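Shown next: coords.cif, containing mmCIF, N, CA and C atoms.
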data_target
#
loop_
_atom_site.label_atom_id
_atom_site.label_comp_id
_atom_site.auth_asym_id
_atom_site.auth_seq_id
_atom_site.Cartn_x
_atom_site.Cartn_y
_atom_site.Cartn_z
N MET A 1 -89.92 19.62 102.10
CA MET A 1 -90.05 21.02 101.75
C MET A 1 -91.40 21.22 101.08
N LYS A 2 -92.08 22.26 101.50
CA LYS A 2 -93.43 22.53 101.01
C LYS A 2 -93.44 22.85 99.53
N ALA A 3 -92.55 23.74 99.09
CA ALA A 3 -92.49 24.14 97.69
C ALA A 3 -91.04 24.40 97.32
N LYS A 4 -90.69 24.06 96.09
CA LYS A 4 -89.32 24.29 95.62
C LYS A 4 -89.16 25.75 95.24
N PRO A 5 -88.20 26.45 95.88
CA PRO A 5 -88.02 27.86 95.55
C PRO A 5 -87.42 28.07 94.16
N THR A 6 -87.85 29.13 93.50
CA THR A 6 -87.27 29.52 92.21
C THR A 6 -85.91 30.17 92.46
N ASP A 7 -85.19 30.49 91.40
CA ASP A 7 -83.89 31.16 91.55
C ASP A 7 -84.04 32.50 92.25
N SER A 8 -85.06 33.27 91.89
CA SER A 8 -85.30 34.57 92.53
C SER A 8 -85.64 34.39 94.01
N GLU A 9 -86.42 33.37 94.31
CA GLU A 9 -86.78 33.11 95.70
C GLU A 9 -85.56 32.67 96.50
N LEU A 10 -84.67 31.91 95.87
CA LEU A 10 -83.43 31.51 96.55
C LEU A 10 -82.55 32.71 96.87
N GLU A 11 -82.54 33.70 95.98
CA GLU A 11 -81.79 34.93 96.26
C GLU A 11 -82.32 35.59 97.53
N ILE A 12 -83.63 35.66 97.65
CA ILE A 12 -84.25 36.28 98.81
C ILE A 12 -83.97 35.45 100.06
N LEU A 13 -84.10 34.14 99.95
CA LEU A 13 -83.81 33.27 101.09
C LEU A 13 -82.36 33.44 101.57
N THR A 14 -81.44 33.51 100.63
CA THR A 14 -80.03 33.67 100.98
C THR A 14 -79.81 34.96 101.78
N ILE A 15 -80.45 36.03 101.35
CA ILE A 15 -80.34 37.29 102.08
C ILE A 15 -80.92 37.15 103.49
N LEU A 16 -82.08 36.52 103.59
CA LEU A 16 -82.71 36.36 104.89
C LEU A 16 -81.88 35.46 105.82
N TRP A 17 -81.27 34.41 105.28
CA TRP A 17 -80.43 33.55 106.12
C TRP A 17 -79.22 34.33 106.66
N GLU A 18 -78.68 35.22 105.83
CA GLU A 18 -77.52 36.00 106.25
C GLU A 18 -77.92 37.15 107.18
N LYS A 19 -78.98 37.84 106.85
CA LYS A 19 -79.37 39.08 107.53
C LYS A 19 -80.30 38.86 108.70
N GLY A 20 -81.12 37.81 108.64
CA GLY A 20 -82.13 37.59 109.66
C GLY A 20 -83.45 38.22 109.25
N PRO A 21 -84.43 38.22 110.17
CA PRO A 21 -85.76 38.77 109.85
C PRO A 21 -85.66 40.16 109.23
N SER A 22 -86.39 40.37 108.13
CA SER A 22 -86.27 41.61 107.35
C SER A 22 -87.60 42.00 106.73
N THR A 23 -87.70 43.28 106.42
CA THR A 23 -88.87 43.79 105.70
C THR A 23 -88.62 43.65 104.20
N VAL A 24 -89.67 43.85 103.43
CA VAL A 24 -89.54 43.84 101.97
C VAL A 24 -88.55 44.92 101.54
N ARG A 25 -88.65 46.10 102.15
CA ARG A 25 -87.74 47.20 101.80
C ARG A 25 -86.28 46.82 102.04
N ASP A 26 -86.01 46.17 103.19
CA ASP A 26 -84.64 45.72 103.49
C ASP A 26 -84.12 44.80 102.37
N ILE A 27 -84.94 43.83 102.00
CA ILE A 27 -84.54 42.85 100.99
C ILE A 27 -84.38 43.54 99.64
N HIS A 28 -85.33 44.40 99.29
CA HIS A 28 -85.28 45.09 98.00
C HIS A 28 -84.01 45.93 97.87
N GLU A 29 -83.64 46.63 98.92
CA GLU A 29 -82.43 47.47 98.87
C GLU A 29 -81.19 46.64 98.58
N ILE A 30 -81.12 45.45 99.13
CA ILE A 30 -79.97 44.57 98.88
C ILE A 30 -80.02 44.03 97.45
N LEU A 31 -81.19 43.57 97.02
CA LEU A 31 -81.34 43.05 95.66
C LEU A 31 -81.02 44.11 94.61
N ALA A 32 -81.45 45.33 94.87
CA ALA A 32 -81.29 46.42 93.90
C ALA A 32 -79.82 46.80 93.67
N THR A 33 -78.95 46.45 94.60
CA THR A 33 -77.52 46.73 94.40
C THR A 33 -76.90 45.80 93.37
N ALA A 34 -77.52 44.63 93.18
CA ALA A 34 -76.95 43.63 92.26
C ALA A 34 -77.69 43.53 90.93
N LYS A 35 -78.97 43.92 90.90
CA LYS A 35 -79.72 43.80 89.65
C LYS A 35 -80.84 44.83 89.62
N ASP A 36 -81.33 45.07 88.43
CA ASP A 36 -82.40 46.04 88.23
C ASP A 36 -83.73 45.35 88.53
N THR A 37 -84.29 45.66 89.67
CA THR A 37 -85.56 45.07 90.05
C THR A 37 -86.40 46.11 90.76
N GLY A 38 -87.70 46.03 90.57
CA GLY A 38 -88.61 47.00 91.19
C GLY A 38 -89.07 46.54 92.56
N TYR A 39 -89.41 47.50 93.39
CA TYR A 39 -89.91 47.21 94.74
C TYR A 39 -91.13 46.32 94.68
N THR A 40 -92.06 46.61 93.77
CA THR A 40 -93.29 45.82 93.70
C THR A 40 -93.00 44.37 93.29
N THR A 41 -91.96 44.16 92.50
CA THR A 41 -91.57 42.79 92.14
C THR A 41 -91.09 42.04 93.37
N THR A 42 -90.26 42.70 94.17
CA THR A 42 -89.77 42.08 95.40
C THR A 42 -90.93 41.80 96.34
N LEU A 43 -91.82 42.76 96.49
CA LEU A 43 -92.99 42.59 97.35
C LEU A 43 -93.83 41.40 96.90
N LYS A 44 -94.15 41.34 95.62
CA LYS A 44 -94.99 40.26 95.10
C LYS A 44 -94.30 38.90 95.27
N THR A 45 -93.00 38.85 95.01
CA THR A 45 -92.26 37.60 95.16
C THR A 45 -92.32 37.12 96.61
N MET A 46 -92.11 38.04 97.54
CA MET A 46 -92.13 37.65 98.95
C MET A 46 -93.53 37.27 99.42
N GLN A 47 -94.55 37.93 98.90
CA GLN A 47 -95.93 37.55 99.22
C GLN A 47 -96.22 36.14 98.70
N ASN A 48 -95.77 35.86 97.47
CA ASN A 48 -95.95 34.52 96.89
C ASN A 48 -95.21 33.47 97.72
N MET A 49 -94.00 33.82 98.17
CA MET A 49 -93.21 32.90 98.99
C MET A 49 -93.94 32.60 100.30
N HIS A 50 -94.59 33.62 100.87
CA HIS A 50 -95.36 33.42 102.09
C HIS A 50 -96.55 32.51 101.81
N ASN A 51 -97.24 32.74 100.70
CA ASN A 51 -98.39 31.92 100.33
C ASN A 51 -97.99 30.46 100.07
N LYS A 52 -96.79 30.25 99.55
CA LYS A 52 -96.29 28.90 99.27
C LYS A 52 -95.73 28.21 100.52
N GLY A 53 -95.62 28.96 101.62
CA GLY A 53 -95.09 28.39 102.85
C GLY A 53 -93.58 28.44 102.96
N ILE A 54 -92.93 29.19 102.08
CA ILE A 54 -91.47 29.30 102.10
C ILE A 54 -91.02 30.34 103.12
N LEU A 55 -91.85 31.38 103.32
CA LEU A 55 -91.55 32.43 104.29
C LEU A 55 -92.64 32.51 105.35
N ASP A 56 -92.23 32.86 106.56
CA ASP A 56 -93.17 33.21 107.62
C ASP A 56 -93.21 34.73 107.68
N ARG A 57 -94.33 35.26 108.16
CA ARG A 57 -94.50 36.71 108.17
C ARG A 57 -95.14 37.13 109.50
N ALA A 58 -94.56 38.14 110.11
CA ALA A 58 -95.10 38.68 111.36
C ALA A 58 -95.33 40.18 111.17
N GLU A 59 -96.43 40.67 111.74
CA GLU A 59 -96.71 42.10 111.63
C GLU A 59 -95.73 42.89 112.48
N GLN A 60 -95.27 43.99 111.90
CA GLN A 60 -94.38 44.90 112.61
C GLN A 60 -94.82 46.31 112.27
N GLY A 61 -95.52 46.93 113.18
CA GLY A 61 -96.06 48.26 112.88
C GLY A 61 -97.03 48.18 111.72
N ARG A 62 -96.77 48.99 110.69
CA ARG A 62 -97.61 48.98 109.50
C ARG A 62 -97.12 48.00 108.45
N GLY A 63 -95.98 47.38 108.69
CA GLY A 63 -95.41 46.45 107.71
C GLY A 63 -95.32 45.03 108.22
N HIS A 64 -94.50 44.24 107.54
CA HIS A 64 -94.31 42.85 107.91
C HIS A 64 -92.82 42.54 107.99
N LEU A 65 -92.51 41.62 108.88
CA LEU A 65 -91.15 41.11 109.02
C LEU A 65 -91.17 39.67 108.53
N TYR A 66 -90.30 39.36 107.58
CA TYR A 66 -90.28 38.03 106.96
C TYR A 66 -89.09 37.22 107.47
N THR A 67 -89.33 35.93 107.66
CA THR A 67 -88.28 34.98 108.01
C THR A 67 -88.48 33.70 107.19
N PRO A 68 -87.40 32.98 106.88
CA PRO A 68 -87.55 31.71 106.16
C PRO A 68 -88.27 30.68 107.03
N SER A 69 -89.10 29.86 106.41
CA SER A 69 -89.81 28.80 107.13
C SER A 69 -88.86 27.67 107.51
N LEU A 70 -87.83 27.46 106.67
CA LEU A 70 -86.85 26.41 106.92
C LEU A 70 -85.46 27.01 106.99
N SER A 71 -84.57 26.33 107.70
CA SER A 71 -83.19 26.79 107.79
C SER A 71 -82.49 26.59 106.45
N GLU A 72 -81.35 27.22 106.32
CA GLU A 72 -80.54 27.06 105.10
C GLU A 72 -80.16 25.60 104.91
N LYS A 73 -79.75 24.96 105.99
CA LYS A 73 -79.33 23.55 105.92
C LYS A 73 -80.49 22.64 105.49
N GLU A 74 -81.68 22.86 106.06
CA GLU A 74 -82.85 22.06 105.68
C GLU A 74 -83.21 22.26 104.21
N THR A 75 -83.17 23.50 103.76
CA THR A 75 -83.51 23.81 102.38
C THR A 75 -82.50 23.20 101.42
N GLN A 76 -81.20 23.35 101.73
CA GLN A 76 -80.16 22.76 100.88
C GLN A 76 -80.31 21.25 100.83
N GLY A 77 -80.59 20.63 101.97
CA GLY A 77 -80.76 19.18 102.00
C GLY A 77 -81.92 18.71 101.14
N SER A 78 -83.03 19.42 101.23
CA SER A 78 -84.20 19.07 100.43
C SER A 78 -83.94 19.25 98.94
N LEU A 79 -83.35 20.39 98.58
CA LEU A 79 -83.06 20.66 97.17
C LEU A 79 -82.05 19.66 96.62
N LEU A 80 -81.03 19.35 97.41
CA LEU A 80 -80.01 18.39 96.97
C LEU A 80 -80.62 17.00 96.79
N SER A 81 -81.44 16.60 97.75
CA SER A 81 -82.09 15.29 97.66
C SER A 81 -82.95 15.19 96.40
N ASN A 82 -83.74 16.22 96.13
CA ASN A 82 -84.58 16.24 94.92
C ASN A 82 -83.73 16.19 93.66
N PHE A 83 -82.63 16.97 93.66
CA PHE A 83 -81.73 17.01 92.50
C PHE A 83 -81.07 15.65 92.26
N VAL A 84 -80.55 15.05 93.31
CA VAL A 84 -79.88 13.75 93.18
C VAL A 84 -80.87 12.69 92.69
N ASN A 85 -82.07 12.70 93.24
CA ASN A 85 -83.08 11.72 92.81
C ASN A 85 -83.48 11.92 91.36
N ALA A 86 -83.71 13.17 90.96
CA ALA A 86 -84.18 13.45 89.60
C ALA A 86 -83.07 13.32 88.57
N THR A 87 -81.85 13.68 88.91
CA THR A 87 -80.78 13.75 87.93
C THR A 87 -79.87 12.52 87.92
N PHE A 88 -79.67 11.92 89.09
CA PHE A 88 -78.71 10.82 89.21
C PHE A 88 -79.36 9.54 89.73
N GLY A 89 -80.67 9.45 89.61
CA GLY A 89 -81.38 8.25 90.04
C GLY A 89 -81.17 7.93 91.51
N GLY A 90 -80.92 8.96 92.31
CA GLY A 90 -80.73 8.76 93.75
C GLY A 90 -79.34 8.32 94.14
N SER A 91 -78.42 8.25 93.17
CA SER A 91 -77.08 7.74 93.43
C SER A 91 -76.10 8.86 93.81
N ALA A 92 -75.67 8.84 95.08
CA ALA A 92 -74.66 9.81 95.53
C ALA A 92 -73.33 9.56 94.80
N LYS A 93 -73.04 8.31 94.52
CA LYS A 93 -71.80 7.96 93.82
C LYS A 93 -71.74 8.63 92.45
N LYS A 94 -72.82 8.54 91.69
CA LYS A 94 -72.86 9.16 90.36
C LYS A 94 -72.69 10.68 90.46
N LEU A 95 -73.33 11.28 91.46
CA LEU A 95 -73.22 12.73 91.67
C LEU A 95 -71.77 13.12 91.95
N ILE A 96 -71.14 12.42 92.88
CA ILE A 96 -69.76 12.75 93.29
C ILE A 96 -68.79 12.53 92.14
N LEU A 97 -68.93 11.41 91.45
CA LEU A 97 -68.02 11.14 90.33
C LEU A 97 -68.17 12.19 89.23
N ARG A 98 -69.39 12.59 88.96
CA ARG A 98 -69.63 13.62 87.94
C ARG A 98 -69.06 14.96 88.38
N ALA A 99 -69.31 15.32 89.65
CA ALA A 99 -68.83 16.61 90.17
C ALA A 99 -67.30 16.66 90.14
N LEU A 100 -66.65 15.59 90.54
CA LEU A 100 -65.19 15.57 90.53
C LEU A 100 -64.64 15.52 89.11
N GLY A 101 -65.33 14.86 88.21
CA GLY A 101 -64.89 14.79 86.82
C GLY A 101 -65.03 16.11 86.09
N GLU A 102 -65.97 16.95 86.52
CA GLU A 102 -66.21 18.23 85.87
C GLU A 102 -65.37 19.37 86.44
N SER A 103 -64.72 19.12 87.57
CA SER A 103 -63.94 20.19 88.20
C SER A 103 -62.50 19.73 88.37
N ASN A 104 -61.69 20.63 88.84
CA ASN A 104 -60.29 20.32 89.09
C ASN A 104 -60.02 20.63 90.56
N PRO A 105 -60.36 19.68 91.47
CA PRO A 105 -60.23 19.97 92.89
C PRO A 105 -58.77 20.20 93.30
N SER A 106 -58.58 21.14 94.22
CA SER A 106 -57.25 21.42 94.74
C SER A 106 -56.82 20.28 95.66
N GLN A 107 -55.55 20.25 96.00
CA GLN A 107 -55.05 19.23 96.93
C GLN A 107 -55.75 19.34 98.27
N GLU A 108 -56.03 20.57 98.70
CA GLU A 108 -56.73 20.79 99.97
C GLU A 108 -58.14 20.21 99.90
N GLU A 109 -58.84 20.44 98.78
CA GLU A 109 -60.19 19.89 98.62
C GLU A 109 -60.16 18.36 98.60
N ILE A 110 -59.17 17.80 97.92
CA ILE A 110 -59.04 16.33 97.87
C ILE A 110 -58.81 15.79 99.28
N LYS A 111 -57.99 16.48 100.05
CA LYS A 111 -57.72 16.07 101.43
C LYS A 111 -59.01 16.11 102.26
N GLU A 112 -59.80 17.18 102.11
CA GLU A 112 -61.06 17.30 102.84
C GLU A 112 -62.04 16.20 102.44
N ILE A 113 -62.11 15.90 101.15
CA ILE A 113 -62.98 14.84 100.65
C ILE A 113 -62.55 13.49 101.23
N ARG A 114 -61.25 13.25 101.22
CA ARG A 114 -60.70 11.99 101.76
C ARG A 114 -61.05 11.87 103.25
N ASN A 115 -60.90 12.97 104.00
CA ASN A 115 -61.22 12.95 105.43
C ASN A 115 -62.71 12.66 105.65
N LEU A 116 -63.55 13.26 104.83
CA LEU A 116 -64.99 13.02 104.94
C LEU A 116 -65.31 11.55 104.65
N LEU A 117 -64.70 11.00 103.61
CA LEU A 117 -64.93 9.59 103.28
C LEU A 117 -64.46 8.69 104.42
N ASN A 118 -63.33 9.01 105.02
CA ASN A 118 -62.83 8.22 106.16
C ASN A 118 -63.80 8.29 107.33
N GLU A 119 -64.33 9.49 107.60
CA GLU A 119 -65.31 9.64 108.68
C GLU A 119 -66.56 8.80 108.41
N LEU A 120 -67.04 8.85 107.17
CA LEU A 120 -68.23 8.07 106.81
C LEU A 120 -67.96 6.57 106.93
N GLU A 121 -66.79 6.17 106.51
CA GLU A 121 -66.41 4.76 106.58
C GLU A 121 -66.34 4.29 108.03
N ASN A 122 -65.73 5.10 108.89
CA ASN A 122 -65.61 4.74 110.31
C ASN A 122 -66.96 4.73 111.01
N LYS A 123 -67.86 5.60 110.58
CA LYS A 123 -69.19 5.68 111.16
C LYS A 123 -70.00 4.42 110.83
N ASN A 124 -69.74 3.83 109.68
CA ASN A 124 -70.51 2.67 109.22
C ASN A 124 -69.92 1.34 109.68
N GLU A 125 -68.83 1.38 110.43
CA GLU A 125 -68.20 0.12 110.89
C GLU A 125 -68.80 -0.35 112.17
#
Structure re-expressed in structure tokens:
Amino acid sequence: MKAKPTDSELEILTILWEKGPSTVRDIHEILATAKDTGYTTTLKTMQNMHNKGILDRAEQGRGHLYTPSLSEKETQGSLLSNFVNATFGGSAKKLILRALGESNPSQEEIKEIRNLLNELENKNE
């Protein structure tokens, strides 16, 4: 990943992943329903994201259409990898044990986790 997105940038990325290519106005209208933010703030944030390589931009009439440079899956993978390395010394085991210890997984979640572990185990045989 070229640059780690901030929390505000992740909000914009999430909207773009759900909505698809959008203008600043499109994104601002969605953001403004959840928080008090100005159009120029949204514009500047998206321009900065483009400069950092997080967003691609194509001209559309007098404006621009923005799209994420990376898919949601690629971004999540990169952020998770950085987090696990920085916080848990690269150990997936420590991450999982901590996550399960801090939450109260439902029986359905436990079943899904068990199935995933079985799949991983079978893949490595």
Pick from A:Asn115, A:Asn104, A:Gln47, A:Thr23 nearest to His64 (chain A), counting only N, CA and C atoms: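 Smallest distance to His64 (chain A) is found for A:Thr23.
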Atom pair CA of Thr67 (chain A) / CA of Pro21 (chain A): separation (Å):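 Value for the CA of Thr67 (chain A)-CA of Pro21 (chain A) distance: 4.9 Å.
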Target residues per the PyMOL selection byres ((chain A and resi 70) around 7), formatted as a PyMOL selection string: chain A and resi 53-56+67-69+71-75
Option closest in space to Leu31 (chain A), from A:Thr45, A:Glu59, A:Lys52, A:Glu11 [counting only N, CA and C atoms]: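 Checking each of A:Thr45, A:Glu59, A:Lys52, A:Glu11 against Leu31 (chain A), counting only N, CA and C atoms, the winner is A:Glu11.
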Output of the PyMOL selection byres ((chain A and resi 5-10) around 8), listed as a list in words: Lys2, Ala3, Lys4, Glu11, Ile12, Leu13, Thr14, Ile15, Leu16, Thr45, Met46, Met49, Ile54 and Leu79 of chain A
Best match for closeness to Leu43 (chain A) among A:Lys93, A:Val24, A:Asn118, A:Pro105, counting only N, CA and C atoms: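 Smallest separation from Leu43 (chain A) among the options: A:Val24.
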Separation of CA of Asp26 (chain A) from atom N of Tyr39 (chain A) in Å: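 That distance, rounded to one decimal, is 11.3 Å.
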Atomic distance CA of Ser78 (chain A) - atom C of Leu95 (chain A), expressed in Å with one decimal: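 Atom-to-atom, CA of Ser78 (chain A) to atom C of Leu95 (chain A), that is 16.2 Å.
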Ref. answer, residues at most 8 Å from (-89.9, 46.3, 95.4) with all atoms listed in the file, as a PyMOL selection string: chain A and resi 24-25+27-29+37-44
Export of prior selection with N, CA and C atoms as a JSON list (two decimals), in the frame of the given file:
[["chain", "number", "residue", "atom", "x", "y", "z"],
["A", 24, "VAL", "N", -89.67, 43.85, 103.43],
["A", 24, "VAL", "CA", -89.54, 43.84, 101.97],
["A", 24, "VAL", "C", -88.55, 44.92, 101.54],
["A", 25, "ARG", "N", -88.65, 46.10, 102.15],
["A", 25, "ARG", "CA", -87.74, 47.20, 101.80],
["A", 25, "ARG", "C", -86.28, 46.82, 102.04],
["A", 27, "ILE", "N", -84.94, 43.83, 102.00],
["A", 27, "ILE", "CA", -84.54, 42.85, 100.99],
["A", 27, "ILE", "C", -84.38, 43.54, 99.64],
["A", 28, "HIS", "N", -85.33, 44.40, 99.29],
["A", 28, "HIS", "CA", -85.28, 45.09, 98.00],
["A", 28, "HIS", "C", -84.01, 45.93, 97.87],
["A", 29, "GLU", "N", -83.64, 46.63, 98.92],
["A", 29, "GLU", "CA", -82.43, 47.47, 98.87],
["A", 29, "GLU", "C", -81.19, 46.64, 98.58],
["A", 37, "THR", "N", -84.29, 45.66, 89.67],
["A", 37, "THR", "CA", -85.56, 45.07, 90.05],
["A", 37, "THR", "C", -86.40, 46.11, 90.76],
["A", 38, "GLY", "N", -87.70, 46.03, 90.57],
["A", 38, "GLY", "CA", -88.61, 47.00, 91.19],
["A", 38, "GLY", "C", -89.07, 46.54, 92.56],
["A", 39, "TYR", "N", -89.41, 47.50, 93.39],
["A", 39, "TYR", "CA", -89.91, 47.21, 94.74],
["A", 39, "TYR", "C", -91.13, 46.32, 94.68],
["A", 40, "THR", "N", -92.06, 46.61, 93.77],
["A", 40, "THR", "CA", -93.29, 45.82, 93.70],
["A", 40, "THR", "C", -93.00, 44.37, 93.29],
["A", 41, "THR", "N", -91.96, 44.16, 92.50],
["A", 41, "THR", "CA", -91.57, 42.79, 92.14],
["A", 41, "THR", "C", -91.09, 42.04, 93.37],
["A", 42, "THR", "N", -90.26, 42.70, 94.17],
["A", 42, "THR", "CA", -89.77, 42.08, 95.40],
["A", 42, "THR", "C", -90.93, 41.80, 96.34],
["A", 43, "LEU", "N", -91.82, 42.76, 96.49],
["A", 43, "LEU", "CA", -92.99, 42.59, 97.35],
["A", 43, "LEU", "C", -93.83, 41.40, 96.90],
["A", 44, "LYS", "N", -94.15, 41.34, 95.62],
["A", 44, "LYS", "CA", -94.99, 40.26, 95.10],
["A", 44, "LYS", "C", -94.30, 38.90, 95.27]]
Counting only C-alpha atoms, the residue of A:Ser22, A:Asn85, A:Ser106, A:Glu125 that sits nearest Ala58 (chain A): A:Ser22
DSSP-assigned strand (DSSP E) among chain A, expressed as a list of chain:residue names: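 Strand (DSSP E) assignments inside chain A correspond to A:Leu55, A:Asp56, A:Arg57, A:Ala58, A:Glu59, A:Gln60, A:Gly63, A:His64, A:Leu65, A:Tyr66, A:Thr67, A:Pro68.
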Nearest-residue call for Leu65 (chain A), choices A:Ile96, A:Phe88, A:Lys111, A:Gly20, using only N, CA and C atoms: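 Nearest candidate to Leu65 (chain A) out of A:Ile96, A:Phe88, A:Lys111, A:Gly20: A:Gly20.
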